[in-house]
Amino acid sequence: DDGTNACWVVDGFERYLPFTVEGYTGTETLTNFPVLVDVRDSDTNGFLYSDFYHYDGADMAFVDDTGHIIPHEIDTWNKNGMSLIWARIPEMVNGTKFTMCYRSPLVNPPDDPGNTFERYVGVWHMNERGDGIVEVHDSTTNNLSGETHANSLAYKQGRIGYARRVAQHSGTSSTYGHILINDRNDILRTGVGIVFTYSCWSKLADKAPGWAYL
């Protein structure tokens with residue numbers, strides 16, 4: 001199936017773009033797993049920003065291989081380059097197929113960050129523009145947004161989209177750089193315990209003494 005049938009069940013869409021999960025080498029089926037999708041104008045797969053009715057990509061939805069709509073979040077929408085979208089796959093193994101449906105004049109399911117990352121305590125893409133003290137948005141329904149330090153700088157070339165430098169030079173994070181959640185009680189009320197998984201892309205500056213851990 002090239003994705004045509006999947007988009008038929010979602011009324012109003014005129015274009016579709018099929019995807020296949022590749023590179024997952026685990027043996028376990030991952031459930032409700034957010035997958036990153038990147039798109040840009042392409043002569044190869046036919047995707048064009050000009051095909052959208054809405055300038056911000058609002059006329060878009062994702063469906064799984066059974067034709068059911070799955071939640072997604074638009075991380076970055078850049079009509080002049082690469083856009084990043086997260087789609088939550090109900091059951092994912094290597095080779096799992098899903099489809100982007102787009103170009104519709106009708107009202108479509110909006111992007112839904114909370115459901116896309118429903119199993120996460122906090123998700124910070126750090127795609128905010130501007131240097132200095134900036135609010136860093138949390139995509140989960142826990143609303144654990146925070147603020148950067150005055151030394152913080154925004155970067156266009158992160159590992160995945162935009163990135164942020166949180167420290168100007170070596171030292172304790174409380175003094176020289178941080179992303180501070182506004183209220184400790186906001187974290188406690190999520191029910192997260194003392195054992196949890198934390199993941200990020202990070203780059204330590206050369207010759208940064210005392211930075212043995214994050």
# chains A, B, ... in the order shown; residues from 1 in each chain; ligands from 1
>>> select_by_dssp(residues="chain A", states="alpha helix (DSSP H)", output="number ranges by chain")
A: 4-8, 113-116, 173-176, 184-188
>>> write_last_selection(atoms="C-alpha atoms", output="CSV table (one decimal), in the first residue's frame")
chain,number,residue,atom,x,y,z
A,4,THR,CA,-3.5,6.1,-0.9
A,5,ASN,CA,-6.0,3.8,0.8
A,6,ALA,CA,-5.0,5.1,4.2
A,7,CYS,CA,-5.8,8.7,3.2
A,8,TRP,CA,-9.1,7.8,1.7
A,113,PRO,CA,1.6,17.7,21.4
A,114,GLY,CA,0.0,16.5,24.6
A,115,ASN,CA,-1.2,13.2,23.1
A,116,THR,CA,1.9,12.8,20.9
A,173,SER,CA,24.7,25.3,36.2
A,174,SER,CA,23.0,27.4,38.9
A,175,THR,CA,25.5,30.2,38.3
A,176,TYR,CA,26.3,30.2,34.6
A,184,ARG,CA,9.6,22.4,41.8
A,185,ASN,CA,6.1,21.3,42.9
A,186,ASP,CA,5.1,21.2,39.2
A,187,ILE,CA,7.5,18.3,38.8
A,188,LEU,CA,6.5,16.5,41.9
>>> closest_atom_pairs(of="stretch 94-144 of chain A", to="stretch 195-206 of chain A", cutoff="12 Å", atoms="only C-alpha atoms", output="Markdown table")
| residue | atom | partner | partner_atom | distance |
| --- | --- | --- | --- | --- |
| A:Arg119 | CA | A:Thr197 | CA | 11.9 |
| A:Tyr120 | CA | A:Thr197 | CA | 9.9 |
| A:Val121 | CA | A:Phe196 | CA | 9.7 |
| A:Gly122 | CA | A:Tyr198 | CA | 9.6 |
| A:Val123 | CA | A:Ser199 | CA | 9.9 |
| A:Trp124 | CA | A:Cys200 | CA | 9.4 |
| A:His125 | CA | A:Cys200 | CA | 9.6 |
| A:Met126 | CA | A:Cys200 | CA | 10.9 |
>>> closest_atom_pairs(of="stretch 82-128 of chain A", to="stretch 38-50 of chain A", cutoff="12 Å", atoms="only C-alpha atoms", output="tab-separated table")
residue	atom	partner	partner_atom	distance
A:Met82	CA	A:Arg40	CA	4.8
A:Ser83	CA	A:Val39	CA	5.4
A:Leu84	CA	A:Asp38	CA	4.7
A:Ile85	CA	A:Asp38	CA	6.4
A:Trp86	CA	A:Asp38	CA	8.8
A:Ala87	CA	A:Asp38	CA	10.8
A:Met100	CA	A:Phe47	CA	10.4
A:Cys101	CA	A:Phe47	CA	11.0
A:Tyr102	CA	A:Phe47	CA	9.9
A:Arg103	CA	A:Ser50	CA	9.3
>>> select_by_dssp(residues="chain A", states="strand (DSSP E or B)", output="ChimeraX atom specification")
/A:15-20,30-39,60-64,69-70,72-76,83-92,97-102,124,135-136,138,146-148,153-155,163-165,179-181
>>> residues_around(residues="A:Gly23", least_positions_apart="5", cutoff="12 Å", atoms="only C-alpha atoms", output="list of chain:residue names")
A:Val35, A:Met92, A:Val93, A:Asn94, A:Gly95, A:Thr96
>>> closest_residue(among="A:Leu144, A:Val134, A:Val192, A:Leu36", to="A:Arg165", atoms="only C-alpha atoms")
A:Val134
>>> residues_around(residues="A:Ser104", least_positions_apart="4", cutoff="10 Å", atoms="only C-alpha atoms", output="count of residues only")
14
>>> closest_residue(among="A:Ile179, A:Ile89, A:Val166, A:Ile194", to="A:Thr29", atoms="only C-alpha atoms")
A:Ile89
>>> closest_residue(among="A:Glu91, A:Glu118, A:Glu128, A:Glu22", to="A:Asn142", atoms="only C-alpha atoms")
A:Glu118
>>> atom_distance(atom1="atom CA of A:Ile160", atom2="atom CA of A:Asp112")
19.7 Å
>>> closest_residue(among="A:Asn127, A:Thr66, A:Leu106, A:Gly26", to="A:Arg159", atoms="only C-alpha atoms")
A:Asn127
>>> residues_around(residues="A:Leu180", least_positions_apart="5", cutoff="10 Å", atoms="only C-alpha atoms", output="PDB file with all heavy atoms, in the first residue's frame")
ATOM      1  N   GLU A 135      11.536  31.695  27.494  1.00  0.00           N
ATOM      2  CA  GLU A 135      10.728  30.585  27.981  1.00  0.00           C
ATOM      3  C   GLU A 135      10.919  29.378  27.063  1.00  0.00           C
ATOM      4  O   GLU A 135      10.788  29.480  25.846  1.00  0.00           O
ATOM      5  CB  GLU A 135       9.242  30.946  28.031  1.00  0.00           C
ATOM      6  CG  GLU A 135       8.391  29.805  28.564  1.00  0.00           C
ATOM      7  CD  GLU A 135       6.906  30.121  28.598  1.00  0.00           C
ATOM      8  OE1 GLU A 135       6.472  31.015  27.845  1.00  0.00           O
ATOM      9  OE2 GLU A 135       6.183  29.465  29.357  1.00  0.00           O
ATOM     10  N   VAL A 136      11.246  28.241  27.649  1.00  0.00           N
ATOM     11  CA  VAL A 136      11.410  26.991  26.909  1.00  0.00           C
ATOM     12  C   VAL A 136      10.149  26.162  27.127  1.00  0.00           C
ATOM     13  O   VAL A 136       9.832  25.777  28.248  1.00  0.00           O
ATOM     14  CB  VAL A 136      12.664  26.231  27.393  1.00  0.00           C
ATOM     15  CG1 VAL A 136      12.783  24.900  26.663  1.00  0.00           C
ATOM     16  CG2 VAL A 136      13.906  27.068  27.145  1.00  0.00           C
ATOM     17  N   LEU A 144       5.494  21.793  31.981  1.00  0.00           N
ATOM     18  CA  LEU A 144       6.722  22.048  32.725  1.00  0.00           C
ATOM     19  C   LEU A 144       7.649  22.976  31.939  1.00  0.00           C
ATOM     20  O   LEU A 144       8.818  22.677  31.702  1.00  0.00           O
ATOM     21  CB  LEU A 144       7.432  20.726  33.044  1.00  0.00           C
ATOM     22  CG  LEU A 144       6.662  19.753  33.940  1.00  0.00           C
ATOM     23  CD1 LEU A 144       7.458  18.471  34.144  1.00  0.00           C
ATOM     24  CD2 LEU A 144       6.351  20.401  35.282  1.00  0.00           C
ATOM     25  N   SER A 145       7.115  24.091  31.520  1.00  0.00           N
ATOM     26  CA  SER A 145       7.934  25.058  30.812  1.00  0.00           C
ATOM     27  C   SER A 145       8.891  25.723  31.791  1.00  0.00           C
ATOM     28  O   SER A 145       8.631  25.774  32.998  1.00  0.00           O
ATOM     29  CB  SER A 145       7.049  26.109  30.134  1.00  0.00           C
ATOM     30  OG  SER A 145       6.216  25.502  29.161  1.00  0.00           O
ATOM     31  N   GLY A 146      10.007  26.214  31.270  1.00  0.00           N
ATOM     32  CA  GLY A 146      10.998  26.841  32.131  1.00  0.00           C
ATOM     33  C   GLY A 146      11.640  28.031  31.462  1.00  0.00           C
ATOM     34  O   GLY A 146      11.222  28.457  30.377  1.00  0.00           O
ATOM     35  N   GLU A 147      12.650  28.575  32.117  1.00  0.00           N
ATOM     36  CA  GLU A 147      13.359  29.730  31.573  1.00  0.00           C
ATOM     37  C   GLU A 147      14.851  29.442  31.474  1.00  0.00           C
ATOM     38  O   GLU A 147      15.411  28.732  32.306  1.00  0.00           O
ATOM     39  CB  GLU A 147      13.147  30.969  32.463  1.00  0.00           C
ATOM     40  CG  GLU A 147      11.793  31.620  32.301  1.00  0.00           C
ATOM     41  CD  GLU A 147      11.714  32.956  33.026  1.00  0.00           C
ATOM     42  OE1 GLU A 147      12.613  33.219  33.843  1.00  0.00           O
ATOM     43  OE2 GLU A 147      10.770  33.709  32.759  1.00  0.00           O
ATOM     44  N   THR A 148      15.467  30.009  30.459  1.00  0.00           N
ATOM     45  CA  THR A 148      16.907  29.882  30.297  1.00  0.00           C
ATOM     46  C   THR A 148      17.611  30.978  31.096  1.00  0.00           C
ATOM     47  O   THR A 148      16.992  31.948  31.551  1.00  0.00           O
ATOM     48  CB  THR A 148      17.300  30.019  28.820  1.00  0.00           C
ATOM     49  OG1 THR A 148      16.874  31.306  28.350  1.00  0.00           O
ATOM     50  CG2 THR A 148      16.637  28.936  27.987  1.00  0.00           C
ATOM     51  N   HIS A 149      18.928  30.830  31.219  1.00  0.00           N
ATOM     52  CA  HIS A 149      19.753  31.831  31.889  1.00  0.00           C
ATOM     53  C   HIS A 149      20.045  32.976  30.912  1.00  0.00           C
ATOM     54  O   HIS A 149      19.906  32.832  29.693  1.00  0.00           O
ATOM     55  CB  HIS A 149      21.056  31.176  32.357  1.00  0.00           C
ATOM     56  CG  HIS A 149      21.903  32.034  33.236  1.00  0.00           C
ATOM     57  ND1 HIS A 149      22.872  32.867  32.747  1.00  0.00           N
ATOM     58  CD2 HIS A 149      21.913  32.192  34.585  1.00  0.00           C
ATOM     59  CE1 HIS A 149      23.456  33.499  33.744  1.00  0.00           C
ATOM     60  NE2 HIS A 149      22.899  33.102  34.875  1.00  0.00           N
ATOM     61  N   SER A 173      25.873  24.895  37.080  1.00  0.00           N
ATOM     62  CA  SER A 173      24.745  25.273  36.235  1.00  0.00           C
ATOM     63  C   SER A 173      23.888  26.340  36.896  1.00  0.00           C
ATOM     64  O   SER A 173      23.259  27.150  36.220  1.00  0.00           O
ATOM     65  CB  SER A 173      23.900  24.036  35.919  1.00  0.00           C
ATOM     66  OG  SER A 173      23.391  23.454  37.103  1.00  0.00           O
ATOM     67  N   SER A 174      23.840  26.361  38.226  1.00  0.00           N
ATOM     68  CA  SER A 174      23.021  27.350  38.909  1.00  0.00           C
ATOM     69  C   SER A 174      23.599  28.762  38.771  1.00  0.00           C
ATOM     70  O   SER A 174      22.907  29.751  38.979  1.00  0.00           O
ATOM     71  CB  SER A 174      22.899  26.992  40.392  1.00  0.00           C
ATOM     72  OG  SER A 174      24.180  26.969  41.004  1.00  0.00           O
TER      73      SER A 174
END
